[in-house]
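A.B. asks: Supplied in structure tokens, the structure appears directly below.
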Amino acid sequence: MKQLEADGLFVFSEAVKASKDIDDEQFVLRSVNGDYRTGNIMGLIGCGDERLTITSRFCRSNSDFFLQYLLQRVLEYPNVVSLETDTQRGNQILDLLMLLFPVYLKQAMRNGVYKTYVCNEYNDCNVNGRIDVARHIAKNTPFVGNIAYSKREYSYDNFLTELIRHTIEFIRCKPIGRCILSKVRDEVGLIVDATPKYNRNDRTRVIADNKKNAIRHSYYREYRQLQRLCILILQHEKSEVGFGFQRVYGILFDGSWLWEEYVNKVINEDGNRFHHPRNRDGKGAQWLFTDNNGLIYPDFISYSSKNRIIADAKYKPVENIRSNDYLQMLAYMYRFDAKTGYYFYPEVGNSKDVRMYLNKGTTYEHNVLPRDDICVVKHGLSIPDGAGDYREFAAEMKESERKFRKELDIRR
């Protein structure tokens with residue numbers, strides 16, 4: 001992961017890098033005993049004319065409708081983009097990168113419009129800065145009263161805001177560009193107002209300036225990611241028209257993170273029923289012991305304290321939920337006095353829930369019996385198989401979500 005990211009891949013999102021399921025040393029693809037194996041990572045990698053597409057393990061069709069649906073629900077973009085693989089060009093990667101732009105723009109601008117020192121050049125009679133002799137001679141001969149000078153000023157119109165503006169204008173020219181930017185009208189308006197010096201012909205220079213001046217301050221961490229995304233979007237177009245070449249490029253998603261965020265939207269769609277602690281943002285932190293010992297982040301904690309439910313989102317087949325998964329769930333249930341725990345997982349097919357009751361007694365005393373008050377349930381969300389197109393798949397997913405919530409309500 002670390003090597004691919006350094007070579008030009010974009011990893012969505014920052015939360016993925018802080019996830020307990022993935023780190024910089026994780027392999028995207030590895031060979032084991034002559035077979036190639038993947039993990040939870042999905043996405044697209046391009047190198048020259050070659051394309052590697054890693055699809056969801058829960059979608060059996062040639063087109064990964066499931067990944068597209070997860071992205072649509074989590075990123076909340078309209079269903080206007082086809083993610084069909086294009087073997088001639090990397091347009092699929094470009095489409096995905098553009099879809100992420102509103103997300104990163106909104107996150108970055110929570111800190112306001114980026115402002116930094118820039119050196120502006122003037123040629124007037126109000127001298128207030130360093131006189132540029134060579135430029136003055138070139139512009140003001142014969143002398144008519146103006147002086148050419150430069151001044152260092154704190155400005156919103158700088159190398160980074162210009163890069164964002166160029167990206168906005170680039171996306172706006174695409175067939176789906178205005179639809180993508182409609183989610184961030186206010187942010188786009190602020191960037192446009194802050195960049196009166198925008199000139200389309202300066203794009204190459206602006207990209208070069210940003211590659212030399214990467215944002216490093218921790219306060220502007222979100223702007224650092226936005227800067228990198230903008231460069232990838234604009235340079236992708238350059239590589240296609242032949243003015244440059246990017247050795248490796250693409251975009252990767254963590255299926256576990258996408259599934260967890262998607263499940264949060266599904267179970268809380270008709271009202272807030274579960275708290276969703278967030279490790280990356282440090283929100284909703286819980287502790288196992290006194291004095292802040294044993295930091296934990298359960299995926300979901302029900303709002304109802306009378307009949308508390310703990311739930312865990314698992315992006316894995318039902319038969320792979322086992323061992324340490326059980327121990328973690330029981331620890332959370334004991335901590336929050338919950339009698340019921342749920343595993344939410346993607347189900348290919350329509351199998352029934354697996355209900356497991358906690359045992360009591362020991363084999364030594366030959367008195368092992370199931371308890372009737374503590375239960376863990378494997379509750380799957382059925383993923384449609386065999387849909388002819390994405391519209392049909394999305395409609396079937398809506399029905400699966402309705403059944404998923406209904407069955408969850410019955411057991412509450």
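Here's how to read the names in the structure tokens: chain A, B, ... by the order shown, residue numbers from 1 in each chain, ligand numbers from 1 in the order shown.
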Quick one: pick out all helix (DSSP H, G or I) residues within stretch 158-257 of chain A from a backbone DSSP run and write them as a PyMOL selection string.
C.D. replies: chain A and resi 159-172+177-194+200-212+218-241+255-257
A.B. asks: Within 8 Å of stretch 295-300 of chain A, counting only C-alpha atoms, which residues qualify if same-chain residues fewer than 5 places away don't, as number ranges by chain?
C.D. replies: A: 260, 274-279, 284-288, 310-313, 332
A.B. asks: Only N, CA and C atoms, please: the residues just picked out, written as a PDB file, in the first residue's frame.
C.D. replies:
```pdb
ATOM      1  N   GLU A 260     -19.091  -0.661   6.494  1.00  0.00           N
ATOM      2  CA  GLU A 260     -19.501  -0.115   7.795  1.00  0.00           C
ATOM      3  C   GLU A 260     -20.260   1.200   7.632  1.00  0.00           C
ATOM      4  N   PHE A 274     -29.100   3.706  16.173  1.00  0.00           N
ATOM      5  CA  PHE A 274     -27.800   3.227  16.651  1.00  0.00           C
ATOM      6  C   PHE A 274     -26.802   4.376  16.684  1.00  0.00           C
ATOM      7  N   HIS A 275     -26.064   4.476  17.788  1.00  0.00           N
ATOM      8  CA  HIS A 275     -24.879   5.328  17.814  1.00  0.00           C
ATOM      9  C   HIS A 275     -23.808   4.670  16.951  1.00  0.00           C
ATOM     10  N   HIS A 276     -22.976   5.501  16.328  1.00  0.00           N
ATOM     11  CA  HIS A 276     -21.907   4.973  15.470  1.00  0.00           C
ATOM     12  C   HIS A 276     -20.588   5.634  15.852  1.00  0.00           C
ATOM     13  N   PRO A 277     -19.888   5.091  16.865  1.00  0.00           N
ATOM     14  CA  PRO A 277     -18.583   5.655  17.253  1.00  0.00           C
ATOM     15  C   PRO A 277     -17.621   5.648  16.081  1.00  0.00           C
ATOM     16  N   ARG A 278     -16.802   6.714  16.002  1.00  0.00           N
ATOM     17  CA  ARG A 278     -15.886   6.842  14.865  1.00  0.00           C
ATOM     18  C   ARG A 278     -14.461   6.959  15.385  1.00  0.00           C
ATOM     19  N   ASN A 279     -13.686   5.932  15.086  1.00  0.00           N
ATOM     20  CA  ASN A 279     -12.299   5.884  15.533  1.00  0.00           C
ATOM     21  C   ASN A 279     -11.486   7.014  14.925  1.00  0.00           C
ATOM     22  N   GLY A 284     -17.225   9.453  20.087  1.00  0.00           N
ATOM     23  CA  GLY A 284     -17.918   8.315  20.663  1.00  0.00           C
ATOM     24  C   GLY A 284     -16.997   7.302  21.307  1.00  0.00           C
ATOM     25  N   ALA A 285     -15.821   7.722  21.746  1.00  0.00           N
ATOM     26  CA  ALA A 285     -14.883   6.792  22.372  1.00  0.00           C
ATOM     27  C   ALA A 285     -15.478   6.195  23.641  1.00  0.00           C
ATOM     28  N   GLN A 286     -15.261   4.908  23.852  1.00  0.00           N
ATOM     29  CA  GLN A 286     -15.730   4.198  25.042  1.00  0.00           C
ATOM     30  C   GLN A 286     -14.522   3.544  25.722  1.00  0.00           C
ATOM     31  N   TRP A 287     -14.698   3.224  26.997  1.00  0.00           N
ATOM     32  CA  TRP A 287     -13.594   2.646  27.769  1.00  0.00           C
ATOM     33  C   TRP A 287     -14.061   1.382  28.470  1.00  0.00           C
ATOM     34  N   LEU A 288     -13.215   0.374  28.486  1.00  0.00           N
ATOM     35  CA  LEU A 288     -13.548  -0.868  29.169  1.00  0.00           C
ATOM     36  C   LEU A 288     -13.433  -0.728  30.684  1.00  0.00           C
ATOM     37  N   ILE A 310     -25.684  -4.409  20.758  1.00  0.00           N
ATOM     38  CA  ILE A 310     -24.372  -4.097  20.196  1.00  0.00           C
ATOM     39  C   ILE A 310     -24.291  -4.760  18.830  1.00  0.00           C
ATOM     40  N   ALA A 311     -23.818  -4.033  17.836  1.00  0.00           N
ATOM     41  CA  ALA A 311     -23.736  -4.583  16.480  1.00  0.00           C
ATOM     42  C   ALA A 311     -22.360  -4.314  15.884  1.00  0.00           C
ATOM     43  N   ASP A 312     -21.923  -5.232  15.057  1.00  0.00           N
ATOM     44  CA  ASP A 312     -20.614  -5.144  14.417  1.00  0.00           C
ATOM     45  C   ASP A 312     -20.786  -5.404  12.927  1.00  0.00           C
ATOM     46  N   ALA A 313     -20.258  -4.503  12.086  1.00  0.00           N
ATOM     47  CA  ALA A 313     -20.327  -4.679  10.632  1.00  0.00           C
ATOM     48  C   ALA A 313     -19.132  -5.497  10.170  1.00  0.00           C
ATOM     49  N   TYR A 332     -17.813  -6.564  24.301  1.00  0.00           N
ATOM     50  CA  TYR A 332     -18.628  -5.360  24.150  1.00  0.00           C
ATOM     51  C   TYR A 332     -19.990  -5.533  24.822  1.00  0.00           C
TER      52      TYR A 332
END
```
A.B. asks: Can you list every residue in stretch 96-310 of chain A that DSSP puts in strand (DSSP E), as number ranges by chain?
C.D. replies: A: 116-124, 130-131, 147-155, 249-254, 274-275, 286-289, 293-296, 300-302, 309-310
A.B. asks: Those residues you just picked out, can you put them in a file as an mmCIF file, in the first residue's frame with C-alpha atoms?
C.D. replies:
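For reference, result.cif as written:
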```cif
data_model
loop_
_atom_site.group_PDB
_atom_site.id
_atom_site.type_symbol
_atom_site.label_atom_id
_atom_site.label_comp_id
_atom_site.auth_asym_id
_atom_site.auth_seq_id
_atom_site.Cartn_x
_atom_site.Cartn_y
_atom_site.Cartn_z
ATOM 1 C CA THR A 116 -0.907 32.043 2.526
ATOM 2 C CA TYR A 117 1.746 34.565 1.523
ATOM 3 C CA VAL A 118 2.190 35.256 -2.195
ATOM 4 C CA CYS A 119 4.347 37.654 -4.144
ATOM 5 C CA ASN A 120 2.188 39.974 -6.263
ATOM 6 C CA GLU A 121 3.493 42.251 -8.995
ATOM 7 C CA TYR A 122 2.149 45.770 -9.516
ATOM 8 C CA ASN A 123 2.761 48.615 -11.933
ATOM 9 C CA ASP A 124 1.209 51.848 -10.652
ATOM 10 C CA ARG A 130 10.397 46.145 -3.727
ATOM 11 C CA ILE A 131 11.017 47.991 -7.001
ATOM 12 C CA ILE A 147 6.551 52.212 -11.024
ATOM 13 C CA ALA A 148 6.930 48.436 -11.362
ATOM 14 C CA TYR A 149 7.254 46.815 -7.937
ATOM 15 C CA SER A 150 6.446 43.553 -6.152
ATOM 16 C CA LYS A 151 4.900 43.004 -2.742
ATOM 17 C CA ARG A 152 4.563 39.992 -0.448
ATOM 18 C CA GLU A 153 0.946 39.739 0.720
ATOM 19 C CA TYR A 154 -1.271 37.352 2.676
ATOM 20 C CA SER A 155 -3.784 36.266 0.050
ATOM 21 C CA TYR A 249 -2.134 5.441 -11.116
ATOM 22 C CA GLY A 250 -5.513 4.428 -9.786
ATOM 23 C CA ILE A 251 -7.759 4.444 -6.763
ATOM 24 C CA LEU A 252 -8.297 1.965 -3.940
ATOM 25 C CA PHE A 253 -11.113 1.540 -1.428
ATOM 26 C CA ASP A 254 -11.272 -0.461 1.778
ATOM 27 C CA PHE A 274 -27.800 3.227 16.651
ATOM 28 C CA HIS A 275 -24.879 5.328 17.814
ATOM 29 C CA GLN A 286 -15.730 4.198 25.042
ATOM 30 C CA TRP A 287 -13.594 2.646 27.769
ATOM 31 C CA LEU A 288 -13.548 -0.868 29.169
ATOM 32 C CA PHE A 289 -12.160 0.107 32.576
ATOM 33 C CA ASN A 293 -8.171 2.283 30.375
ATOM 34 C CA GLY A 294 -9.017 0.019 27.441
ATOM 35 C CA LEU A 295 -10.129 2.349 24.651
ATOM 36 C CA ILE A 296 -12.755 0.712 22.399
ATOM 37 C CA PHE A 300 -22.852 0.325 16.645
ATOM 38 C CA ILE A 301 -24.529 0.845 20.038
ATOM 39 C CA SER A 302 -28.320 1.029 20.127
ATOM 40 C CA ILE A 309 -28.009 -4.029 21.323
ATOM 41 C CA ILE A 310 -24.372 -4.097 20.196
#
```
A.B. asks: Could you pull the residues within 8 Å of stretch 31-46 of chain A, counting only C-alpha atoms, minus those fewer than 2 positions along the same chain, as a list of chain:residue names?
C.D. replies: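 Listing them by chain and then by number gives A:Leu9, A:Phe27, A:Val28, A:Leu29, A:Gly48, A:Asp49, A:Glu50, A:Arg51, A:Leu52, A:Thr53, A:Ile54, A:Thr55, A:Ser56, A:Gly90, A:Ile93, A:Val248, A:Tyr249, A:Gly250, A:Ile251, A:Leu252, A:Phe253, A:Asp254, A:Gly255, A:Ser256, A:Tyr315.
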A.B. asks: Using only C-alpha atoms, pick whichever of A:Met1, A:Ile231, A:Val318, A:Val192 has the shortest atom-to-atom distance to A:Lys352.
C.D. replies: A:Val318
A.B. asks: At what distance in Å, to one decimal, does atom CA of A:Asn201 lie from atom CA of A:Arg228?
C.D. replies: 20.5 Å
